[in-house]
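Everything below belongs to target_19.csv, which stores CSV, N, CA and C atoms and all ligand atoms.
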```
chain,number,residue,atom,x,y,z
A,1,MET,N,0.8,-1.2,0.0
A,1,MET,CA,0.0,0.0,0.0
A,1,MET,C,0.9,1.3,0.0
A,2,GLY,N,0.4,2.2,-0.8
A,2,GLY,CA,1.2,3.4,-0.9
A,2,GLY,C,0.8,4.4,0.3
A,3,GLU,N,1.3,5.6,0.1
A,3,GLU,CA,1.0,6.6,1.1
A,3,GLU,C,-0.5,7.0,1.0
A,4,PHE,N,-1.1,7.2,2.1
A,4,PHE,CA,-2.5,7.5,2.2
A,4,PHE,C,-2.7,9.0,1.9
A,5,ILE,N,-3.2,9.3,0.7
A,5,ILE,CA,-3.4,10.7,0.3
A,5,ILE,C,-4.9,11.0,0.4
A,6,ARG,N,-5.2,12.2,0.9
A,6,ARG,CA,-6.6,12.6,1.0
A,6,ARG,C,-6.7,13.9,0.2
A,7,ASN,N,-8.0,14.2,-0.1
A,7,ASN,CA,-8.2,15.5,-0.7
A,7,ASN,C,-9.0,16.4,0.3
A,8,CYS,N,-8.6,17.6,0.3
A,8,CYS,CA,-9.3,18.6,1.1
A,8,CYS,C,-10.8,18.6,0.8
A,9,ARG,N,-11.6,18.6,1.8
A,9,ARG,CA,-13.0,18.5,1.6
A,9,ARG,C,-13.6,19.8,1.0
A,10,LEU,N,-12.8,20.8,1.1
A,10,LEU,CA,-13.3,22.1,0.6
A,10,LEU,C,-12.8,22.5,-0.8
A,11,CYS,N,-11.5,22.5,-1.0
A,11,CYS,CA,-10.9,22.9,-2.3
A,11,CYS,C,-10.5,21.7,-3.1
A,12,ARG,N,-10.6,20.5,-2.6
A,12,ARG,CA,-10.4,19.3,-3.3
A,12,ARG,C,-8.9,19.1,-3.6
A,13,LYS,N,-8.1,19.9,-3.1
A,13,LYS,CA,-6.6,19.7,-3.4
A,13,LYS,C,-6.1,18.5,-2.5
A,14,GLN,N,-5.1,17.8,-3.1
A,14,GLN,CA,-4.5,16.8,-2.3
A,14,GLN,C,-3.8,17.3,-1.1
A,15,MET,N,-3.8,16.6,0.0
A,15,MET,CA,-3.1,17.1,1.1
A,15,MET,C,-2.6,15.9,1.9
A,16,GLU,N,-1.6,16.1,2.8
A,16,GLU,CA,-1.1,15.1,3.6
A,16,GLU,C,-2.2,14.6,4.6
A,17,SER,N,-2.1,13.4,4.9
A,17,SER,CA,-3.1,12.9,5.8
A,17,SER,C,-2.8,13.4,7.2
A,18,GLY,N,-3.9,13.7,7.9
A,18,GLY,CA,-3.7,14.3,9.2
A,18,GLY,C,-5.0,14.3,9.9
A,19,PRO,N,-5.1,15.0,11.1
A,19,PRO,CA,-6.4,14.9,11.8
A,19,PRO,C,-7.5,15.7,11.2
A,20,PHE,N,-7.2,16.6,10.2
A,20,PHE,CA,-8.2,17.4,9.7
A,20,PHE,C,-8.7,17.0,8.4
A,21,MET,N,-9.9,17.4,8.0
A,21,MET,CA,-10.5,17.0,6.8
A,21,MET,C,-10.3,18.1,5.7
A,22,MET,N,-9.6,19.2,6.2
A,22,MET,CA,-9.3,20.3,5.3
A,22,MET,C,-7.8,20.6,5.2
A,23,CYS,N,-7.4,21.2,4.2
A,23,CYS,CA,-6.0,21.6,4.1
A,23,CYS,C,-5.8,22.9,5.0
A,24,THR,N,-4.5,23.2,5.2
A,24,THR,CA,-4.2,24.3,6.1
A,24,THR,C,-4.9,25.6,5.7
A,25,LYS,N,-4.9,25.9,4.4
A,25,LYS,CA,-5.5,27.1,3.9
A,25,LYS,C,-7.0,27.2,4.3
A,26,CYS,N,-7.6,26.1,4.0
A,26,CYS,CA,-9.1,26.1,4.2
A,26,CYS,C,-9.4,26.1,5.7
A,27,LEU,N,-8.5,25.5,6.5
A,27,LEU,CA,-8.7,25.6,8.0
A,27,LEU,C,-8.7,27.0,8.5
A,28,VAL,N,-7.7,27.7,8.0
A,28,VAL,CA,-7.6,29.1,8.3
A,28,VAL,C,-8.8,29.9,7.9
A,29,GLU,N,-9.3,29.6,6.7
A,29,GLU,CA,-10.4,30.4,6.2
A,29,GLU,C,-11.7,30.0,6.9
A,30,SER,N,-11.8,28.7,7.2
A,30,SER,CA,-13.0,28.3,7.9
A,30,SER,C,-13.0,28.8,9.3
A,31,ASP,N,-11.9,29.0,9.9
A,31,ASP,CA,-11.8,29.6,11.2
A,31,ASP,C,-12.2,31.1,11.2
A,32,ARG,N,-11.8,31.8,10.1
A,32,ARG,CA,-12.2,33.2,9.9
A,32,ARG,C,-13.7,33.2,9.8
A,33,ILE,N,-14.3,32.4,9.0
A,33,ILE,CA,-15.7,32.3,8.8
A,33,ILE,C,-16.4,32.0,10.1
A,34,ARG,N,-15.9,31.1,10.8
A,34,ARG,CA,-16.6,30.7,12.0
A,34,ARG,C,-16.7,31.9,13.0
A,35,SER,N,-15.5,32.6,13.1
A,35,SER,CA,-15.6,33.7,14.1
A,35,SER,C,-16.5,34.8,13.6
A,36,PHE,N,-16.5,35.0,12.3
A,36,PHE,CA,-17.4,36.0,11.8
A,36,PHE,C,-18.9,35.6,12.0
A,37,ILE,N,-19.2,34.4,11.8
A,37,ILE,CA,-20.6,33.9,12.0
A,37,ILE,C,-21.0,33.9,13.4
A,38,THR,N,-20.0,33.7,14.3
A,38,THR,CA,-20.3,33.7,15.7
A,38,THR,C,-20.8,35.1,16.1
A,39,LYS,N,-20.2,36.1,15.5
A,39,LYS,CA,-20.6,37.5,15.8
A,39,LYS,C,-21.8,37.9,15.0
A,40,ASN,N,-22.0,37.4,13.8
A,40,ASN,CA,-23.1,37.8,13.0
A,40,ASN,C,-23.8,36.5,12.4
A,41,PRO,N,-24.6,36.0,13.3
A,41,PRO,CA,-25.2,34.7,12.9
A,41,PRO,C,-26.3,34.8,11.7
A,42,TYR,N,-26.7,35.9,11.4
A,42,TYR,CA,-27.8,36.0,10.5
A,42,TYR,C,-27.4,36.7,9.1
A,43,VAL,N,-26.2,36.6,8.8
A,43,VAL,CA,-25.7,37.2,7.5
A,43,VAL,C,-25.9,36.2,6.4
A,44,SER,N,-25.9,36.7,5.2
A,44,SER,CA,-26.0,35.9,4.0
A,44,SER,C,-24.6,35.4,3.6
A,45,VAL,N,-24.6,34.4,2.8
A,45,VAL,CA,-23.4,33.8,2.3
A,45,VAL,C,-22.5,34.9,1.7
A,46,GLU,N,-23.2,35.8,0.9
A,46,GLU,CA,-22.5,36.8,0.2
A,46,GLU,C,-21.8,37.8,1.2
A,47,GLU,N,-22.5,38.1,2.3
A,47,GLU,CA,-21.9,39.0,3.3
A,47,GLU,C,-20.7,38.3,4.0
A,48,ILE,N,-20.8,37.0,4.2
A,48,ILE,CA,-19.7,36.3,4.8
A,48,ILE,C,-18.5,36.3,3.9
A,49,SER,N,-18.8,36.1,2.6
A,49,SER,CA,-17.7,36.1,1.6
A,49,SER,C,-17.0,37.4,1.6
A,50,LEU,N,-17.7,38.5,1.6
A,50,LEU,CA,-17.1,39.8,1.6
A,50,LEU,C,-16.3,40.1,2.8
A,51,ALA,N,-16.9,39.7,3.9
A,51,ALA,CA,-16.2,40.1,5.2
A,51,ALA,C,-15.0,39.2,5.4
A,52,THR,N,-14.9,38.0,4.9
A,52,THR,CA,-13.8,37.1,5.2
A,52,THR,C,-12.9,37.0,4.1
A,53,ASN,N,-13.2,37.5,2.9
A,53,ASN,CA,-12.3,37.4,1.8
A,53,ASN,C,-12.2,36.0,1.2
A,54,VAL,N,-13.3,35.2,1.4
A,54,VAL,CA,-13.3,33.8,0.9
A,54,VAL,C,-14.4,33.8,-0.1
A,55,SER,N,-14.2,33.1,-1.2
A,55,SER,CA,-15.1,33.1,-2.3
A,55,SER,C,-16.5,32.6,-1.9
A,56,VAL,N,-17.6,33.1,-2.5
A,56,VAL,CA,-18.9,32.7,-2.2
A,56,VAL,C,-19.1,31.2,-2.3
A,57,GLU,N,-18.5,30.7,-3.3
A,57,GLU,CA,-18.6,29.2,-3.6
A,57,GLU,C,-18.0,28.4,-2.4
A,58,LYS,N,-16.9,28.9,-1.9
A,58,LYS,CA,-16.3,28.2,-0.8
A,58,LYS,C,-17.0,28.3,0.5
A,59,VAL,N,-17.6,29.5,0.7
A,59,VAL,CA,-18.4,29.7,1.9
A,59,VAL,C,-19.6,28.8,1.9
A,60,GLU,N,-20.2,28.7,0.7
A,60,GLU,CA,-21.4,27.8,0.5
A,60,GLU,C,-21.0,26.3,0.8
A,61,ARG,N,-19.9,25.9,0.3
A,61,ARG,CA,-19.4,24.6,0.5
A,61,ARG,C,-19.2,24.3,2.0
A,62,MET,N,-18.6,25.3,2.6
A,62,MET,CA,-18.4,25.1,4.1
A,62,MET,C,-19.7,24.9,4.8
A,63,VAL,N,-20.6,25.8,4.5
A,63,VAL,CA,-21.9,25.7,5.1
A,63,VAL,C,-22.6,24.3,4.8
A,64,ASP,N,-22.5,23.9,3.6
A,64,ASP,CA,-23.1,22.6,3.2
A,64,ASP,C,-22.4,21.5,3.9
A,65,LEU,N,-21.1,21.6,4.1
A,65,LEU,CA,-20.4,20.5,4.8
A,65,LEU,C,-20.7,20.5,6.3
A,66,GLY,N,-21.3,21.6,6.7
A,66,GLY,CA,-21.7,21.6,8.1
A,66,GLY,C,-20.6,22.2,9.0
A,67,VAL,N,-19.6,22.8,8.4
A,67,VAL,CA,-18.5,23.3,9.2
A,67,VAL,C,-19.0,24.2,10.3
A,68,ASN,N,-20.0,25.0,9.9
A,68,ASN,CA,-20.5,26.0,10.9
A,68,ASN,C,-21.9,25.8,11.2
A,69,LYS,N,-22.4,24.6,11.1
A,69,LYS,CA,-23.8,24.3,11.3
A,69,LYS,C,-24.3,24.8,12.6
A,70,ASN,N,-23.6,24.7,13.7
A,70,ASN,CA,-24.1,25.0,15.0
A,70,ASN,C,-24.3,26.5,15.1
A,71,ASN,N,-23.6,27.3,14.4
A,71,ASN,CA,-23.7,28.7,14.6
A,71,ASN,C,-24.6,29.4,13.6
A,72,TYR,N,-24.5,28.9,12.4
A,72,TYR,CA,-25.0,29.6,11.3
A,72,TYR,C,-26.4,29.3,10.9
A,73,LYS,N,-27.3,30.2,11.0
A,73,LYS,CA,-28.7,30.0,10.6
A,73,LYS,C,-28.8,30.6,9.2
A,74,ARG,N,-28.6,29.8,8.2
A,74,ARG,CA,-28.6,30.3,6.8
A,74,ARG,C,-30.0,30.9,6.4
A,75,LYS,N,-29.9,32.1,5.9
A,75,LYS,CA,-31.2,32.7,5.6
A,75,LYS,C,-31.5,32.7,4.1
A,76,SER,N,-30.6,32.5,3.2
A,76,SER,CA,-30.9,32.7,1.8
A,76,SER,C,-31.7,31.5,1.2
A,77,LYS,N,-31.3,30.3,1.4
A,77,LYS,CA,-32.2,29.2,0.9
A,77,LYS,C,-32.1,28.0,1.8
A,78,LEU,N,-33.1,27.2,1.7
A,78,LEU,CA,-33.1,26.0,2.5
A,78,LEU,C,-32.3,24.9,1.8
A,79,TYR,N,-31.6,24.1,2.6
A,79,TYR,CA,-30.9,23.0,2.0
A,79,TYR,C,-31.4,21.7,2.5
A,80,ASN,N,-31.4,20.7,1.6
A,80,ASN,CA,-31.9,19.4,1.9
A,80,ASN,C,-30.9,18.5,2.6
A,81,LEU,N,-31.3,17.9,3.6
A,81,LEU,CA,-30.4,17.0,4.3
A,81,LEU,C,-30.8,15.6,4.2
A,101,ZN,ZN,-8.4,23.2,1.0
```
As structure tokens, the full file:
Amino acid sequence: MGEFIRNCRLCRKQMESGPFMMCTKCLVESDRIRSFITKNPYVSVEEISLATNVSVEKVERMVDLGVNKNNYKRKSKLYNL
């Protein structure tokens, strides 16, 4: 068996296996998003994107993955679980 390579759950880039499901860059970004959402739980994805400098697409993916599920009450559209 070769080395165990995983892909980041957010940007899909290959990364070294480790305790996290995201690469370092995405971890930093998700942290930024999380702290923003903690202070502003009712903002839209677009507002999060602007405030954190993370692309809308990526913010959406984070929300869909449940990275910030506990804090974030998404207001723009309902998602199916
Ligand atoms: Zn990533």
At what distance in Å, to one decimal, does atom N of A:Lys25 lie from atom N of A:Thr38?
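Answer for the atom N of A:Thr38 to atom N of A:Lys25 separation: 19.7 Å.
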List as a ChimeraX atom specification the protein and nucleic acid residues lying within 6.5 Å of ligand ZN 101 (chain A), with only N, CA and C atoms and all ligand atoms counted.
/A:8-13,22-27
Would you mind listing what lies within 8 Å of A:Thr52 as a VMD selection string, with all atoms listed in the file counted and same-chain residues fewer than 6 positions away left out?
chain A and resid 29 32 to 33 36 46
Quick one: what's the axis-aligned box for stretch 10-23 of chain A, all listed atoms, 6 Å on every side, centre and edges in Å to one decimal, as lines of an AutoDock Vina configuration file?
```
center_x = -7.2
center_y = 17.9
center_z = 4.1
size_x = 24.2
size_y = 22.0
size_z = 27.4
```
Which of these residues is nearest to A:Val45, using all atoms listed in the file: A:Glu60, A:Asp31, A:Pro19, A:Asn7?
A:Glu60
